[in-house]
Every structure is written in C-alpha cells, then in structure tokens.
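data23.csv (CSV, C-alpha atoms) appears below.
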chain,number,residue,atom,x,y,z
A,143,MET,CA,1.3,-46.4,13.1
A,144,ASN,CA,-1.6,-44.1,12.5
A,145,LYS,CA,-1.0,-43.5,8.7
A,146,GLU,CA,-4.2,-41.5,8.1
A,147,LEU,CA,-3.4,-39.0,10.8
A,148,MET,CA,0.1,-38.7,9.6
A,149,GLU,CA,-0.9,-38.1,6.0
A,150,ALA,CA,-3.5,-35.4,7.1
A,151,LEU,CA,-0.8,-33.6,9.1
A,152,ASP,CA,1.6,-33.7,6.2
A,153,ILE,CA,-1.0,-32.1,3.9
A,154,LEU,CA,-1.8,-29.4,6.4
A,155,GLU,CA,1.8,-28.6,6.9
A,156,ARG,CA,2.5,-28.5,3.2
A,157,GLU,CA,-0.6,-26.5,2.0
A,158,LYS,CA,-1.2,-24.2,4.9
A,159,GLU,CA,2.3,-24.0,6.3
A,160,ILE,CA,1.2,-25.0,9.8
A,161,SER,CA,3.9,-26.9,11.7
A,162,LYS,CA,3.2,-30.5,12.8
A,163,GLU,CA,4.1,-29.6,16.4
A,164,THR,CA,1.3,-27.0,16.6
A,165,LEU,CA,-1.2,-29.6,15.2
A,166,PHE,CA,0.0,-32.2,17.7
A,167,GLU,CA,-0.7,-29.7,20.5
A,168,ALA,CA,-4.1,-29.0,19.1
A,169,ILE,CA,-5.0,-32.7,19.0
A,170,GLU,CA,-3.8,-33.1,22.6
A,171,ASN,CA,-5.9,-30.2,23.8
A,172,SER,CA,-8.9,-31.4,21.9
A,173,LEU,CA,-8.8,-34.8,23.6
A,174,ILE,CA,-8.5,-33.2,27.0
A,175,THR,CA,-11.5,-31.0,26.2
A,176,ALA,CA,-13.5,-34.0,25.1
A,177,TYR,CA,-12.6,-35.8,28.4
A,178,LYS,CA,-13.7,-32.8,30.4
A,179,ASN,CA,-17.0,-32.6,28.5
A,180,HIS,CA,-17.6,-36.3,29.0
A,181,PHE,CA,-16.5,-36.7,32.7
A,182,GLY,CA,-17.0,-33.1,34.0
A,183,LYS,CA,-13.4,-32.4,34.9
A,184,ALA,CA,-10.0,-33.0,33.3
A,185,ASP,CA,-7.4,-31.9,36.0
A,186,ASN,CA,-5.8,-35.3,36.1
A,187,VAL,CA,-5.9,-36.1,32.4
A,188,LYS,CA,-2.7,-36.4,30.2
A,189,VAL,CA,-2.4,-37.0,26.5
A,190,GLU,CA,0.7,-38.2,24.8
A,191,ILE,CA,1.2,-38.5,21.0
A,192,ASP,CA,4.2,-40.2,19.4
A,193,ARG,CA,5.6,-37.7,16.9
A,194,GLU,CA,7.0,-40.4,14.7
A,195,THR,CA,4.0,-42.9,14.5
A,196,CYS,CA,1.1,-40.5,15.4
A,197,ASP,CA,-0.2,-43.1,17.9
A,198,PHE,CA,-1.7,-41.4,20.9
A,199,TYR,CA,-2.3,-42.5,24.5
A,200,CYS,CA,-4.9,-40.8,26.8
A,201,TYR,CA,-4.8,-41.6,30.5
A,202,ALA,CA,-6.1,-40.3,33.8
A,203,GLU,CA,-4.0,-40.2,36.9
A,204,LYS,CA,-6.1,-41.6,39.8
A,205,GLU,CA,-5.3,-42.1,43.5
A,206,VAL,CA,-5.7,-45.5,45.0
A,207,VAL,CA,-8.2,-45.4,47.9
A,208,GLU,CA,-10.1,-47.9,50.0
A,209,GLU,CA,-13.5,-46.3,49.3
A,210,VAL,CA,-14.1,-44.3,46.2
A,211,GLU,CA,-15.8,-41.0,46.6
A,212,ASP,CA,-14.9,-39.4,43.3
A,213,SER,CA,-14.7,-41.9,40.4
A,214,VAL,CA,-12.9,-39.3,38.1
A,215,MET,CA,-10.1,-38.7,40.5
A,216,GLN,CA,-10.0,-41.9,42.5
A,217,ILE,CA,-9.9,-45.7,42.0
A,218,SER,CA,-10.5,-48.6,44.4
A,219,ARG,CA,-7.6,-50.8,45.5
A,220,GLU,CA,-9.2,-53.8,43.8
A,221,GLU,CA,-9.5,-52.1,40.4
A,222,ALA,CA,-6.0,-50.6,40.7
A,223,LYS,CA,-4.5,-54.1,41.3
A,224,GLU,CA,-6.0,-55.2,38.0
A,225,ILE,CA,-4.0,-52.5,36.3
A,226,GLU,CA,-0.9,-52.5,38.6
A,227,PRO,CA,-0.6,-55.6,40.8
A,228,LYS,CA,1.7,-53.8,43.2
A,229,ALA,CA,-0.6,-50.9,43.7
A,230,LYS,CA,-1.3,-49.9,47.3
A,231,GLU,CA,-3.5,-47.3,49.0
A,232,GLY,CA,-2.2,-43.8,48.4
A,233,ASP,CA,-0.4,-44.6,45.1
A,234,VAL,CA,-1.3,-42.7,41.9
A,235,ILE,CA,-1.7,-44.9,38.9
A,236,ARG,CA,-2.4,-44.2,35.2
A,237,VAL,CA,-5.8,-45.4,33.9
A,238,GLU,CA,-6.1,-45.5,30.1
A,239,VAL,CA,-9.1,-43.7,28.7
A,240,ARG,CA,-10.4,-44.8,25.3
A,241,SER,CA,-11.4,-41.9,23.1
A,242,LYS,CA,-14.1,-44.1,21.6
A,243,GLU,CA,-16.0,-44.0,24.9
A,244,PHE,CA,-16.5,-40.2,24.5
A,245,GLY,CA,-20.0,-39.2,23.6
A,246,ARG,CA,-21.1,-37.6,20.3
A,247,ILE,CA,-21.2,-34.1,21.8
A,248,ALA,CA,-17.8,-34.4,23.4
A,249,THR,CA,-16.3,-35.7,20.1
A,250,GLN,CA,-17.9,-32.8,18.2
A,251,ASN,CA,-16.4,-30.3,20.6
A,252,ALA,CA,-13.0,-31.9,20.2
A,253,LYS,CA,-13.3,-31.6,16.4
A,254,SER,CA,-14.2,-27.9,16.9
A,255,VAL,CA,-11.2,-27.3,19.0
A,256,ILE,CA,-8.9,-28.7,16.3
A,257,LEU,CA,-10.5,-26.8,13.5
A,258,GLN,CA,-10.4,-23.6,15.5
A,259,LYS,CA,-6.7,-24.0,16.1
A,260,ILE,CA,-6.1,-24.7,12.4
A,261,ARG,CA,-7.9,-21.5,11.5
A,262,GLU,CA,-6.0,-19.5,14.1
A,263,GLU,CA,-2.7,-20.8,12.9
A,264,GLU,CA,-3.6,-20.3,9.2
A,265,ARG,CA,-4.4,-16.6,10.0
A,266,SER,CA,-1.2,-16.3,12.0
A,267,VAL,CA,0.9,-17.7,9.1
A,268,ILE,CA,-0.7,-15.3,6.6
A,269,TYR,CA,-0.3,-12.3,9.0
A,270,ASN,CA,3.4,-13.0,9.5
A,271,GLN,CA,3.9,-13.6,5.8
A,272,TYR,CA,2.5,-10.2,4.8
A,273,PHE,CA,3.8,-8.3,7.9
A,274,GLU,CA,7.3,-9.1,6.6
A,275,LYS,CA,6.3,-7.4,3.3
A,276,GLU,CA,5.0,-4.2,5.1
A,277,LYS,CA,6.5,-1.1,3.5
A,278,ASP,CA,7.2,-3.0,0.3
A,279,VAL,CA,5.6,-3.4,-3.1
A,280,VAL,CA,3.7,-6.5,-4.2
A,281,THR,CA,1.7,-7.5,-7.2
A,282,GLY,CA,-2.1,-8.0,-6.8
A,283,ILE,CA,-5.1,-8.7,-8.9
A,284,VAL,CA,-8.1,-6.4,-8.9
A,285,GLN,CA,-11.1,-8.3,-7.6
A,286,ARG,CA,-14.1,-6.0,-7.2
A,287,TYR,CA,-15.1,-2.5,-6.2
A,288,MET,CA,-16.6,-2.2,-2.7
A,289,GLY,CA,-18.3,1.2,-2.9
A,290,LYS,CA,-15.3,3.5,-3.6
A,291,ASN,CA,-12.8,1.1,-2.2
A,292,ILE,CA,-11.1,-1.7,-4.3
A,293,SER,CA,-10.5,-5.3,-3.1
A,294,ILE,CA,-7.0,-6.5,-4.3
A,295,ASN,CA,-6.1,-10.2,-4.1
A,296,LEU,CA,-2.5,-10.7,-3.1
A,297,GLY,CA,-2.5,-14.5,-3.3
A,298,LYS,CA,-3.3,-15.9,0.2
A,299,ALA,CA,-5.0,-12.8,1.4
A,300,ASP,CA,-7.1,-9.8,0.2
A,301,ALA,CA,-6.0,-6.2,0.6
A,302,ILE,CA,-8.1,-3.0,0.6
A,303,LEU,CA,-7.2,0.0,-1.6
A,304,ASN,CA,-9.0,2.8,0.1
A,305,GLU,CA,-10.4,5.8,-1.9
A,306,ASN,CA,-7.8,8.2,-0.4
A,307,GLU,CA,-5.0,5.9,-1.5
A,308,GLN,CA,-6.1,5.7,-5.1
A,309,VAL,CA,-4.9,7.9,-7.9
A,310,ARG,CA,-7.9,9.7,-9.4
A,311,SER,CA,-6.8,9.3,-13.0
A,312,GLU,CA,-6.4,5.5,-12.6
A,313,HIS,CA,-9.3,3.2,-13.4
A,314,PHE,CA,-8.8,-0.6,-13.1
A,315,ARG,CA,-10.9,-3.5,-14.3
A,316,PRO,CA,-11.4,-6.8,-12.4
A,317,THR,CA,-8.7,-9.4,-13.1
A,318,GLU,CA,-6.2,-6.6,-13.9
A,319,ARG,CA,-2.7,-7.0,-12.3
A,320,ILE,CA,-1.3,-3.9,-10.5
A,321,LYS,CA,1.5,-3.2,-8.2
A,322,VAL,CA,0.6,-1.7,-4.8
A,323,TYR,CA,2.6,-0.5,-1.7
A,324,ILE,CA,1.7,-2.2,1.5
A,325,LEU,CA,0.9,0.5,4.1
A,326,GLU,CA,-0.1,-1.5,7.1
A,327,VAL,CA,-0.9,-5.1,8.1
A,328,ARG,CA,-3.3,-5.4,11.1
A,329,ASN,CA,-4.0,-8.6,13.0
A,330,THR,CA,-7.7,-8.9,13.6
A,331,PRO,CA,-10.0,-11.7,14.9
A,332,LYS,CA,-11.2,-12.3,11.3
A,333,GLY,CA,-7.7,-12.5,9.9
A,334,PRO,CA,-5.1,-10.0,8.7
A,335,ARG,CA,-6.4,-6.7,7.4
A,336,ILE,CA,-4.0,-5.4,4.7
A,337,LEU,CA,-4.1,-1.7,3.6
A,338,VAL,CA,-2.3,-0.8,0.4
A,339,SER,CA,-1.6,2.4,-1.6
A,340,ARG,CA,-1.0,3.6,-5.1
A,341,THR,CA,-0.3,7.2,-4.1
A,342,HIS,CA,2.6,6.8,-1.6
A,343,PRO,CA,6.0,8.2,-2.7
A,344,GLU,CA,7.6,5.0,-1.4
A,345,LEU,CA,5.8,3.1,-4.2
A,346,VAL,CA,8.0,5.0,-6.8
A,347,LYS,CA,11.1,4.4,-4.7
A,348,ARG,CA,10.4,0.6,-4.5
A,349,LEU,CA,9.7,0.4,-8.2
A,350,PHE,CA,13.1,2.0,-8.9
A,351,GLU,CA,14.8,-0.4,-6.5
A,352,SER,CA,13.3,-3.4,-8.3
A,353,GLU,CA,14.0,-2.0,-11.8
A,354,VAL,CA,17.5,-0.5,-11.4
A,355,THR,CA,20.2,-2.9,-10.4
A,356,GLU,CA,22.6,-0.1,-9.3
A,357,ILE,CA,20.0,1.0,-6.7
A,358,LYS,CA,19.5,-2.5,-5.4
A,359,ASP,CA,23.2,-3.1,-4.9
A,360,GLY,CA,23.8,0.3,-3.3
A,361,THR,CA,25.9,1.8,-6.1
A,362,VAL,CA,23.2,4.5,-6.7
A,363,GLU,CA,21.3,5.9,-3.8
A,364,ILE,CA,17.8,7.6,-3.7
A,365,MET,CA,18.3,10.6,-1.5
A,366,SER,CA,14.9,12.3,-1.8
A,367,ILE,CA,11.6,12.0,-3.5
A,368,ALA,CA,8.6,14.2,-4.0
A,369,ARG,CA,5.4,13.0,-5.6
A,370,GLU,CA,2.0,14.3,-6.7
A,371,ALA,CA,0.4,11.0,-7.5
A,372,GLY,CA,-0.9,10.6,-11.0
A,373,SER,CA,0.8,13.7,-12.3
A,374,ARG,CA,4.5,14.1,-11.6
A,375,THR,CA,7.3,12.8,-9.4
A,376,LYS,CA,10.7,14.3,-8.8
A,377,ILE,CA,13.5,12.0,-7.5
A,378,ALA,CA,17.0,13.0,-6.5
A,379,VAL,CA,19.8,10.4,-6.8
A,380,ARG,CA,23.5,10.2,-6.2
A,381,SER,CA,26.2,7.7,-7.2
A,382,ASN,CA,28.6,6.1,-4.7
A,383,ASN,CA,30.8,5.2,-7.6
A,384,PRO,CA,32.5,8.0,-9.6
A,385,ASN,CA,32.4,5.8,-12.7
A,386,VAL,CA,28.6,5.4,-12.6
A,387,ASP,CA,26.2,8.1,-13.7
A,388,ALA,CA,23.3,8.1,-11.2
A,389,VAL,CA,20.7,9.7,-13.5
A,390,GLY,CA,21.8,7.6,-16.5
A,391,ALA,CA,21.5,4.3,-14.5
A,392,CYS,CA,18.0,5.2,-13.5
A,393,VAL,CA,16.9,6.2,-17.0
A,394,GLY,CA,18.4,3.1,-18.7
A,395,ILE,CA,19.2,2.7,-22.4
A,396,ASN,CA,16.8,4.8,-24.4
A,397,GLY,CA,14.9,5.4,-21.3
A,398,ALA,CA,14.0,1.7,-20.9
A,399,ARG,CA,14.1,1.5,-17.1
A,400,VAL,CA,12.3,4.7,-16.3
A,401,ASN,CA,9.7,4.1,-19.1
A,402,SER,CA,8.7,0.7,-17.5
A,403,ILE,CA,8.1,2.5,-14.2
A,404,VAL,CA,6.1,5.2,-16.0
A,405,ASP,CA,4.0,2.5,-17.6
A,406,GLU,CA,3.3,0.9,-14.3
A,407,LEU,CA,2.2,4.3,-12.9
A,408,CYS,CA,-0.1,4.8,-15.9
A,409,GLY,CA,1.9,7.6,-17.5
A,410,GLU,CA,2.9,9.6,-14.5
A,411,LYS,CA,5.8,11.9,-15.4
A,412,ILE,CA,9.1,11.3,-13.6
A,413,ASP,CA,12.0,13.8,-13.3
A,414,ILE,CA,15.3,12.4,-12.2
A,415,VAL,CA,17.9,14.8,-11.0
A,416,ASN,CA,21.4,14.6,-9.4
A,417,TRP,CA,21.7,15.1,-5.6
A,418,ASP,CA,24.1,17.7,-4.4
A,419,GLU,CA,25.3,18.5,-0.9
A,420,ASN,CA,25.4,22.2,-2.0
A,421,PRO,CA,21.9,23.6,-1.4
A,422,GLY,CA,22.2,26.0,-4.3
A,423,ASN,CA,23.2,23.3,-6.8
A,424,LEU,CA,20.5,20.9,-5.5
A,425,ILE,CA,17.8,23.6,-5.9
A,426,GLN,CA,19.0,24.3,-9.4
A,427,ASN,CA,18.8,20.6,-10.3
A,428,ALA,CA,15.4,20.2,-8.6
A,429,LEU,CA,13.9,23.0,-10.7
A,430,SER,CA,14.9,21.2,-13.9
A,431,PRO,CA,14.1,21.5,-16.8
A,432,ALA,CA,14.1,25.2,-16.1
A,433,LYS,CA,17.4,27.1,-16.7
A,434,ILE,CA,18.5,28.9,-13.5
A,435,VAL,CA,20.5,32.2,-13.6
A,436,ALA,CA,21.3,32.4,-9.8
A,437,VAL,CA,20.4,30.9,-6.5
A,438,PHE,CA,20.8,32.2,-3.0
A,439,ALA,CA,20.1,29.6,-0.3
A,440,ASP,CA,19.9,30.1,3.4
A,441,PRO,CA,20.5,26.8,5.2
A,442,ASP,CA,19.5,28.1,8.6
A,443,GLU,CA,16.1,29.4,7.5
A,444,LYS,CA,15.7,26.7,4.9
A,445,THR,CA,14.7,29.4,2.3
A,446,ALA,CA,16.0,30.1,-1.2
A,447,LYS,CA,15.7,32.9,-3.7
A,448,VAL,CA,16.0,31.8,-7.3
A,449,VAL,CA,16.5,34.0,-10.4
A,450,VAL,CA,15.6,32.7,-13.8
A,451,PRO,CA,15.5,34.2,-17.3
A,452,ASP,CA,12.3,36.0,-18.0
A,453,TYR,CA,11.2,33.5,-20.7
A,454,GLN,CA,11.9,30.6,-18.2
A,455,LEU,CA,9.7,31.9,-15.3
A,456,SER,CA,6.6,30.0,-16.2
A,457,LEU,CA,8.6,26.8,-16.8
A,458,ALA,CA,10.4,27.1,-13.5
A,459,ILE,CA,7.1,27.6,-11.6
A,460,GLY,CA,5.3,24.9,-13.7
A,461,LYS,CA,1.7,24.3,-14.4
A,462,GLU,CA,-0.3,25.5,-11.4
A,463,GLY,CA,3.0,25.9,-9.5
A,464,GLN,CA,3.7,22.2,-9.6
A,465,ASN,CA,7.4,22.3,-10.6
A,466,ALA,CA,8.3,24.8,-7.9
A,467,ARG,CA,6.1,22.9,-5.3
A,468,LEU,CA,7.8,19.5,-6.0
A,469,ALA,CA,11.2,21.1,-6.0
A,470,ALA,CA,10.5,22.6,-2.6
A,471,ARG,CA,9.4,19.2,-1.2
A,472,LEU,CA,12.4,17.5,-2.8
A,473,THR,CA,15.0,19.9,-1.3
A,474,GLY,CA,13.2,20.9,1.9
A,475,TYR,CA,13.6,24.6,1.1
A,476,LYS,CA,11.0,27.2,0.7
A,477,ILE,CA,11.8,28.6,-2.8
A,478,ASP,CA,11.0,32.1,-4.0
A,479,ILE,CA,11.3,32.3,-7.8
A,480,LYS,CA,11.7,35.6,-9.6
A,481,SER,CA,12.5,36.5,-13.2
A,482,GLU,CA,15.5,38.7,-13.9
A,483,THR,CA,13.3,41.7,-14.4
A,484,GLN,CA,11.4,41.1,-11.2
A,485,ALA,CA,14.7,40.6,-9.3
A,486,LYS,CA,16.2,43.8,-10.6
A,487,ASP,CA,13.2,45.8,-9.6
A,488,ALA,CA,13.0,44.2,-6.2
A,489,PRO,CA,14.2,46.6,-3.4
A,490,GLY,CA,17.6,45.9,-2.0
A,491,PHE,CA,18.5,43.5,-4.8
A,492,ARG,CA,22.2,43.0,-5.5
A,493,TYR,CA,23.6,40.5,-8.0
A,494,GLU,CA,26.6,39.9,-5.8
A,495,ASP,CA,24.3,38.3,-3.2
A,496,TYR,CA,23.5,35.5,-5.5
A,497,VAL,CA,25.5,32.3,-6.3
A,498,TYR,CA,25.8,32.1,-10.1
A,499,ASP,CA,26.0,29.1,-12.2
A,500,ASP,CA,29.4,28.9,-13.9
A,501,GLU,CA,28.0,27.5,-17.1
A,502,GLU,CA,27.2,30.3,-19.5
A,503,TYR,CA,24.1,30.0,-21.5
A,504,ASP,CA,22.7,31.5,-24.7
A,505,GLU,CA,19.1,32.6,-24.4
A,506,GLU,CA,18.4,31.7,-28.0
A,507,GLU,CA,19.9,28.2,-27.5
A,508,TYR,CA,17.7,27.3,-24.6
A,509,GLU,CA,14.5,29.1,-25.6
A,510,GLY,CA,11.8,26.7,-26.5
A,511,GLU,CA,13.9,23.6,-25.8
A,512,TYR,CA,11.5,22.3,-23.1
A,513,GLU,CA,7.7,22.3,-22.9
A,514,GLU,CA,6.2,23.4,-19.7
A,515,ASP,CA,4.5,20.1,-19.0
A,516,GLY,CA,6.9,18.0,-21.0
A,517,TYR,CA,8.7,14.8,-20.0
A,518,VAL,CA,12.5,15.3,-19.8
A,519,GLU,CA,13.4,12.0,-21.4
A,520,GLU,CA,15.1,13.9,-24.3
A,521,ASP,CA,17.3,15.6,-21.8
A,522,TYR,CA,18.3,12.3,-20.3
A,523,ALA,CA,19.1,10.9,-23.8
A,524,GLN,CA,21.4,13.9,-24.3
A,525,GLU,CA,23.2,13.3,-21.0
A,526,GLU,CA,23.8,9.6,-22.0

Can you turn what I pasted into structure tokens?
Amino acid sequence: MNKELMEALDILEREKEISKETLFEAIENSLITAYKNHFGKADNVKVEIDRETCDFYCYAEKEVVEEVEDSVMQISREEAKEIEPKAKEGDVIRVEVRSKEFGRIATQNAKSVILQKIREEERSVIYNQYFEKEKDVVTGIVQRYMGKNISINLGKADAILNENEQVRSEHFRPTERIKVYILEVRNTPKGPRILVSRTHPELVKRLFESEVTEIKDGTVEIMSIAREAGSRTKIAVRSNNPNVDAVGACVGINGARVNSIVDELCGEKIDIVNWDENPGNLIQNALSPAKIVAVFADPDEKTAKVVVPDYQLSLAIGKEGQNARLAARLTGYKIDIKSETQAKDAPGFRYEDYVYDDEEYDEEEYEGEYEEDGYVEEDYAQEE
C-alpha cells in the first residue's frame, strides 16, 4: 500500500474539494506523458492504479517478433519468453515499465502535468461553487481599491465591485464586511471572474428574503421593486394568507426587520406598500406617503392621471421628482400628477372621469403629517 500517496490524495480532496478519481486520472496521464518524453512515443502504454491501495502499475504492450525493428513497440521472442514462457511470435505481451527509469526531465514534466490538473480542478470547483450563487447575495470583505474598482474577498475567490455598480454615497474601508449581489460569474483561464453589485434592485429583494421569514416561506410575495441606489427604494408586497399583513411582516416589530436592511444599505430609505391588482389602487399605494384624491388609470396605454390636494403636490412628486419616478417604475405606468386646482383648470376635466378613494380625509388632519423626504416608519407603526 502506498500510504504517502493515499494521505496526499485525502488532503487534496478535503481541502480543495477535488475528487480522488480526478487525481487518479491525473497521475495516470502524467506517467503516460513521462513515458512518452523518455521513449519518444506512448501509443502502447497503459497505467493502472489500485483505487484502494494506491499502488500503480505501468506497462507497455509489445508485439513478439523474430527480429526487433522498433524497441518501443516490439520485443524479441527470447526476451518475451523470459516474461511469458508460452509467448510466441505475433503475440502481444505486457512489459512492465519502472517509473524510476524515467529521466529527470521526464519526471519533471510528469509533475507539471499533475500540478496543472490540480490547478484546473481547483478553479473548476470554485467556479461551480460561485456559479450556483449567481443572482444571490453573499457576504464579502473589502480588500483594496484598484483604481476606482474595489476588490472583495468572498472566501475562496475574489470579486470585483466595478465603479458603475457602486453607490456613490458609500465609502468602505479595508477589512470591512459588506453584502453584495453576484451579477455574473465568468470562467476564464486564470480562474473565475466574479462581478458583484451594490446598486442592483435584486440586492434589496434578496435582503428582504433573508430577513423576513414570511417571504422566505412564500406567505408574503414581493411583486415589484423600484430603486434609486443610495437614496430610496419602493417595494410592493402582497400576502397569500389573509391573516398575515404583508407590510407589517416586512417592517417587523418596531421596524426591526426593515431597519436592519436600511442599516446594511447605509441608510437608504425604503417605502413598503401593498400590491393591488387594481391599477388605480396600486398607483395610490405607490405614491405613498402622499394623499391621493383621485386616480384615472388606462391599462391599455399604461398611463395614469392622478389628482392630489394642493398642499400634497410637492410630496407626491417628491424631491427632484423622485417619488413620482419610483412610483412609475414600481407600477409600470406613466403617471401625470396634478393638484386639484391644476386639474380643475385643465381643459376637458370632469370629476366623474376619475376613480375616487372611498376613504374621506380631512385636509387639516393630514397636513404636515409627512415630511417630503421623510422615512415612513411612523406610518408603518400606526398600521401595526
């Protein structure tokens, strides 16, 4: 039994996750390569390795002839009878080849073949491991800045956070742990190339899936998401269980769940609204926290006209149009927002064309309740 070889294979299999069968094949190929380098050809060479004991046997198949013309492929009858007494002309017999007879260069080449195979398999294992995590979130450690790109260590491989996938307001220090979304895993000759992102909307979705149990088990479903990385995200959710409040489940007790995600995103504001199959209701929810008077949605044209109280117009549009812009992405509708005064002055305007919200509101009650750029956590707490 070759104990040293067996121990080495066990270590490689355990630490680098390379199967023993692959390593056995690499050793067999390396011995064949060494034979070819030593004798010039290896068409008739076979290598057998006992998988249990790791003992190996290398032999050449040679034809028994009366007069030898090619010593690599042929053997004389006299020499053949010393190995196989019953050998006769025309037979093919096995002649053992001792690996110790190989020259230094042939041995070095054999070693290179094994090492090359180990490196290829190691890269393949790492590629497969991270390819399975593509479109998922992983935790990495910031290593260093490479120009405007950042190198992120994911454990067994390094990932690249390109400049266009970084949030401008975020600044990381080396050794800092961050969560990143794996965009793509490429298999290259130098090993897997992993591209990650901090701006992708799916990052927020995956964070909610890991943080909210109801989303993980399918009770609550994320229907749509719109994000402006580093500033604000709107997410529409619905519950598949009438006894479970979708928004409340995502917010958590005292906002614990959503706050942990906000912290991970370095303070990015998150608005969570209820999904509704009715476009008018969905648009009204999406424009939260603004109060809506009426909505007219055209499903065919994917457009919507929205009327809000005069004092709510700036809140509905949001800072630099952000609230309206995110609501449009969330719903898939092109939204035209007007105040009551603007709507009444518009040519052809008729109130009966609009779908009104049944809930009556008192202008004084809602005035000043929300700040234009505020976080709607207080609103969630009231709902709970």

List the neighbours of Glu159 of chain A out to 12 Å using all atoms listed in the file; skip same-chain residues closer than 2 positions along the sequence, and give me the result as a VMD selection string.
chain A and resid 151 to 157 161 to 165 260 to 261 263 to 268 270 to 271 298

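With atom CA of Thr355 of chain A on one side and atom CA of Val393 of chain A on the other, the separation reads 11.7 Å.
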
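Here atom CA of Met288 of chain A is placed at a distance of 15.0 Å from atom CA of Arg335 of chain A.
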
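Proximity to Ser402 of chain A was assessed for A:Tyr201, A:Phe350, A:Gly422, A:Glu363 counting only C-alpha atoms; the smallest distance is recorded for A:Phe350.
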